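The structure appears right after this line, and notes come after that.
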Amino acid sequence: MRRTLQLLAATLLAAPLVVAPQLMTTQLGAPVLAPPANAAPRHVEQTQKVGQDEAVSVVLDGTTPSTTLHRPGSWYLKAHFTGLRLVGGDVLAVSDPTGAESYRYTADVAASGTATTDATGFWAMSVTGDTAVLALRGKDGGPAHPDSRVALDKVTRGYTDAELSAAAEVAPRSICGGNDYRDAVCYQSSNPAEFGKTPAVAKLLRNGGSLCTAWRVGPTNRMLTNNHCFTSGTGIEVWFNYQCPTCGGTATAAVTKVLVSSVLRTNAALDYTLFSVTNFASLASFGYLELDARVPAVGEEMYVIGHPAGKLKKVSLRDDQNGGGYCVVSAVRVNGSSSQSDIAYRCDTEGGSSGSPVLSRRTNKVIGLHHYGGCPNQGVRIDLVAAQISGLM
């Protein structure tokens, strides 16, 4: 059940620049109305769905060991189960029709690292696409024991492209002029240094309720996103490699999904959340980003990597407001969630971009944590964040 872009109206003041901007999250939470001059940002709720919950009633057992969920056009399906009883090492498998994306659950569902337990049962990891196959199987792949059973009681389906487009039409955006962001892979040849930083960036999904962006910071099990994206990690999926393999394509590459494991530190004044994930070893191939703990120069070329509007991964590198050149830092020490905490720029972003890394083209390291829109858009100064999290890295 989806949440949205939180809106802070931009207020531009002189020396230093002060902006009361628009939070760029698609999240269950507060949208934002324009605050009075010089007032602190005030969050007020606004809703934009990206998925829909459905109540269902299907029992898998010795008589009916499998079922197929199909919701035409949905971009993901997520199943909730209750009353799981597995005999003799049987497993519950949740997969796409080809089996390329597959999750297996034993009697100890938490051990999988891909299940979110709750008071009535558990949510399995989502399956990308509009079809999911649910099946009870023996541990060797053969038939399950006749006494094994589980009930499917809820499904969340992702909205179709048409539904997402309709939602986007009524949501606030932060496209400055024309929309210049492109699929990450479009820069593989022309800008290999920038493209090389894109694998470490992931999409966050909270069971249809919220979309943000996050990224690996450093070589250990550490990731960063915004405080306004989440402060408690229960049930949040982290999708790596959710991107087009071809420039301008619509299909996604094979996605690697993990769950938020622990929130290590979160701070509203600097709008960051540092967290760890389950199954960290599966992320080794995606690399990581490094922090550039300094205040960047005004005019320094930069770029943003993220999932605007929850789309396949994009790079915001060019700026038609700058003659079609590269995005640049337009102001530093801008007021954000706290005084002089931000940098400003006109790289294009949308809801879902919250938590994206802002990188310098000079060092290809992170100089900001994107969190506000409004043209100019804004990111928290990473030097301020680094000072608080360095002991946890």
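Letters A, B, ... go to the chains of the structure tokens in the order shown; residues in each chain start at 1; ligands are counted from 1 in the same order.
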
>> I'd like the contact shell of A:Ser316 - 10 Å cut-off, only C-alpha atoms, skipping same-chain residues fewer than 4 positions apart - returned as a ChimeraX atom specification.
In response: /A:179-184,302-306,308,326-327,346-349,358

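Neighbours of A:Ser285 closer than or equal to 12 Å, with only C-alpha atoms counted and sequence neighbours fewer than 3 positions away skipped, come out as Gly196, Thr198, Pro199, Ala200, Arg216, Pro219, Phe240, Asn241, Thr256, Phe280, Ala281, Ser282 and Tyr288 of chain A.
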
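Taking atom CA of A:Cys375 and atom CA of A:Gln321 as the two end points, the separation is 10.4 Å.
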
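Proximity ranking of A:Gly141, A:Pro245, A:Gly121, A:Gly129 relative to A:Cys186 places A:Pro245 first, based on only C-alpha atoms.
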
>> Which residues are close to A:Val328, i.e. within 9 Å by only C-alpha atoms, leaving aside same-chain residues fewer than 2 positions away? Reply as a PyMOL selection string.
In response: chain A and resi 298-303+318-319+322+325-326+330+344-347+360

Residue subset to file, keeping C-alpha atoms, as a PDB file, in the first residue's frame:
ATOM      1  CA  VAL A 298      30.228  25.167  -6.316  1.00  0.00           C
ATOM      2  CA  GLY A 299      30.371  24.277 -10.017  1.00  0.00           C
ATOM      3  CA  GLU A 300      31.847  20.803  -9.388  1.00  0.00           C
ATOM      4  CA  GLU A 301      30.465  18.250 -11.841  1.00  0.00           C
ATOM      5  CA  MET A 302      28.404  15.485 -10.243  1.00  0.00           C
ATOM      6  CA  TYR A 303      25.778  12.805 -10.883  1.00  0.00           C
ATOM      7  CA  ARG A 318      23.320  15.666 -17.806  1.00  0.00           C
ATOM      8  CA  ASP A 319      21.432  18.903 -17.161  1.00  0.00           C
ATOM      9  CA  ASN A 322      23.242  23.841 -17.871  1.00  0.00           C
ATOM     10  CA  GLY A 325      26.388  19.799 -19.951  1.00  0.00           C
ATOM     11  CA  TYR A 326      27.020  17.729 -16.855  1.00  0.00           C
ATOM     12  CA  SER A 330      24.931  24.813  -7.616  1.00  0.00           C
ATOM     13  CA  ALA A 344      22.035  21.717  -4.153  1.00  0.00           C
ATOM     14  CA  TYR A 345      21.941  20.705  -7.843  1.00  0.00           C
ATOM     15  CA  ARG A 346      19.563  20.351 -10.796  1.00  0.00           C
ATOM     16  CA  CYS A 347      20.081  16.694 -11.675  1.00  0.00           C
ATOM     17  CA  SER A 360      31.561  13.812  -7.757  1.00  0.00           C
TER      18      SER A 360
END
